[in-house]
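This is final06.cif (mmCIF, C-alpha atoms).
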```cif
data_final
#
loop_
_atom_site.label_atom_id
_atom_site.label_comp_id
_atom_site.auth_asym_id
_atom_site.auth_seq_id
_atom_site.Cartn_x
_atom_site.Cartn_y
_atom_site.Cartn_z
CA ALA A 1 -114.53 60.23 -132.50
CA GLN A 2 -114.08 62.37 -135.61
CA GLN A 3 -114.90 59.48 -137.92
CA THR A 4 -118.08 58.56 -136.05
CA ALA A 5 -119.20 62.19 -135.90
CA ARG A 6 -118.48 62.68 -139.60
CA HIS A 7 -120.70 59.69 -140.43
CA ARG A 8 -123.46 60.66 -137.96
CA ILE A 9 -122.84 57.64 -135.72
CA GLU A 10 -123.67 58.12 -132.06
CA VAL A 11 -121.24 56.44 -129.66
CA THR A 12 -122.45 55.59 -126.15
CA LEU A 13 -120.07 54.55 -123.39
CA ASP A 14 -121.30 52.70 -120.32
CA LEU A 15 -118.22 52.62 -118.12
CA PRO A 16 -117.77 52.19 -114.36
CA SER A 17 -117.15 55.34 -112.38
CA ARG A 18 -113.90 53.89 -111.01
CA PRO A 19 -110.98 52.40 -112.95
CA VAL A 20 -111.06 48.64 -113.50
CA LYS A 21 -107.76 46.77 -113.41
CA VAL A 22 -107.34 44.00 -115.96
CA ARG A 23 -104.40 41.92 -117.14
CA ALA A 24 -104.09 42.70 -120.83
CA VAL A 25 -101.67 44.00 -123.40
CA LYS A 26 -102.75 47.60 -123.99
CA GLY A 27 -101.83 47.56 -127.69
CA MET A 28 -103.90 44.42 -128.25
CA VAL A 29 -106.98 45.97 -126.62
CA ILE A 30 -106.54 49.06 -128.79
CA GLN A 31 -106.20 46.91 -131.94
CA ILE A 32 -109.31 44.90 -131.04
CA LEU A 33 -111.36 48.07 -130.53
CA GLU A 34 -110.00 49.61 -133.72
CA ASN A 35 -111.00 46.51 -135.73
CA LEU A 36 -114.46 46.47 -134.17
CA PHE A 37 -114.94 50.20 -134.84
CA GLU A 38 -113.82 49.87 -138.47
CA ASN A 39 -116.21 46.98 -139.06
CA ALA A 40 -119.13 48.67 -137.31
CA ILE A 41 -118.61 51.98 -139.11
CA TYR A 42 -118.47 50.23 -142.49
CA TRP A 43 -121.77 48.34 -141.96
CA LEU A 44 -123.51 51.29 -140.29
CA LYS A 45 -122.69 53.44 -143.33
CA VAL A 46 -124.08 50.72 -145.61
CA GLU A 47 -127.29 50.66 -143.56
CA GLN A 48 -127.52 54.50 -143.64
CA ARG A 49 -127.47 54.33 -147.45
CA ARG A 50 -130.11 51.57 -147.50
CA ARG A 51 -132.58 53.00 -144.98
CA ARG A 52 -133.56 56.63 -144.82
CA GLY A 53 -133.65 57.92 -141.23
CA PHE A 54 -131.62 54.99 -139.89
CA GLU A 55 -130.06 55.89 -136.52
CA ALA A 56 -126.52 54.56 -136.48
CA GLY A 57 -125.06 53.87 -133.07
CA ILE A 58 -122.26 52.07 -131.29
CA GLU A 59 -122.33 51.15 -127.61
CA ILE A 60 -119.37 50.08 -125.52
CA ALA A 61 -119.97 48.81 -121.99
CA LEU A 62 -117.56 47.56 -119.36
CA ASP A 63 -118.84 45.43 -116.50
CA ALA A 64 -116.62 46.14 -113.49
CA ARG A 65 -117.44 42.85 -111.78
CA SER A 66 -116.91 40.42 -114.64
CA LYS A 67 -114.40 42.72 -116.36
CA GLU A 68 -116.26 41.97 -119.59
CA LEU A 69 -116.22 44.51 -122.39
CA THR A 70 -119.25 44.53 -124.67
CA PHE A 71 -119.21 46.21 -128.09
CA SER A 72 -122.47 46.46 -130.02
CA ASP A 73 -123.96 48.51 -132.83
CA THR A 74 -127.32 49.14 -134.45
CA GLY A 75 -126.22 47.66 -137.78
CA PRO A 76 -127.88 44.83 -139.70
CA GLY A 77 -126.19 42.11 -137.65
CA ILE A 78 -124.64 38.84 -138.70
CA ASP A 79 -126.67 35.98 -140.12
CA PRO A 80 -126.77 33.36 -137.30
CA HIS A 81 -125.59 30.73 -139.80
CA ARG A 82 -122.39 32.75 -140.34
CA ALA A 83 -121.81 33.75 -136.69
CA GLU A 84 -118.71 31.59 -136.29
CA GLU A 85 -117.55 31.79 -139.90
CA VAL A 86 -116.94 35.56 -139.72
CA PHE A 87 -114.16 34.94 -137.18
CA GLU A 88 -112.20 32.75 -139.62
CA ALA A 89 -109.23 34.19 -141.50
CA PHE A 90 -109.97 35.72 -144.91
CA VAL A 91 -113.76 35.52 -144.53
CA THR A 92 -115.61 38.74 -145.29
CA ALA A 93 -119.08 39.78 -146.41
CA LYS A 94 -117.69 43.01 -147.85
CA PRO A 95 -117.34 43.45 -151.62
CA PRO A 96 -113.94 42.69 -153.21
CA GLY A 97 -111.38 45.35 -152.33
CA GLN A 98 -113.31 46.53 -149.26
CA GLY A 99 -111.88 44.14 -146.71
CA ARG A 100 -109.42 41.30 -146.32
CA GLY A 101 -111.38 39.27 -143.80
CA LEU A 102 -108.76 39.55 -141.08
CA GLY A 103 -110.18 42.12 -138.64
CA LEU A 104 -112.52 39.86 -136.66
CA TYR A 105 -110.11 36.93 -136.93
CA ILE A 106 -107.26 38.99 -135.45
CA SER A 107 -109.55 40.51 -132.83
CA ARG A 108 -110.70 37.10 -131.60
CA GLU A 109 -107.14 35.75 -131.51
CA MET A 110 -105.95 38.74 -129.47
CA ALA A 111 -108.96 38.61 -127.11
CA GLN A 112 -108.33 34.94 -126.44
CA TYR A 113 -104.66 35.66 -125.74
#
```
With the file now loaded, output its structure as structure tokens.
Amino acid sequence: AQQTARHRIEVTLDLPSRPVKVRAVKGMVIQILENLFENAIYWLKVEQRRRRGFEAGIEIALDARSKELTFSDTGPGIDPHRAEEVFEAFVTAKPPGQGRGLGLYISREMAQY
């Protein structure tokens, strides 16, 4: 929360009013969210530098029925031609030294587990 506030990124949560039970490893869910936040914050900051007045935002929604968690942001998005490629190990669109290309790969592997 401090990092998003510091970078003027609004975070919106759309969560059910009652707890939702899921079978998952808590640490894995935390790691997935951490990787998604890190990635989103990086690209939202890039977009803030590119476009004056850009409103950076992250939305997390949990559907109680399907138990599906959705994470989205207002960033530039991923080129549809690279949509699958970004989930491969060591693939990154960040400049050298800014990322190792493992965050989305690890997140997908853990989510599938």
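Candidate residues A:Pro16, A:Glu84, A:Glu47, A:Thr4 were compared for distance to Leu69 (chain A), and the nearest is A:Pro16, using all atoms listed in the file.
Across the chains present, the PyMOL selection byres ((chain A and resi 14) around 6) applied to this file returns A:Leu13, A:Leu15, A:Ala61.
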So for region 63-82 of chain A, what box centre and size do we get, axis-aligned, 6 Å extra on each of the six sides, every listed atom, Å to one decimal, as lines of an AutoDock Vina configuration file?
```
center_x = -121.1
center_y = 39.9
center_z = -126.1
size_x = 25.5
size_y = 30.4
size_z = 40.6
```
For this session: Please write the residues picked by the PyMOL selection byres ((chain A and resi 29-39) around 8) on this file as number ranges by chain.
Result: A: 24-28, 40-43, 71, 103-104, 106-108, 110-111
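Distance-wise, CA of Glu55 (chain A) and CA of Gly75 (chain A) end up 9.2 Å apart.
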Exercise. Evaluating the PyMOL selection byres ((chain A and resi 18) around 12) on the displayed file yields which residues, as a ChimeraX atom specification?
Worked result: /A:14-17,19-21,62-65
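Using all atoms listed in the file, the nearest neighbour of Thr74 (chain A) within the list A:Leu102, A:Val91, A:Val22, A:Ile9 is A:Ile9.
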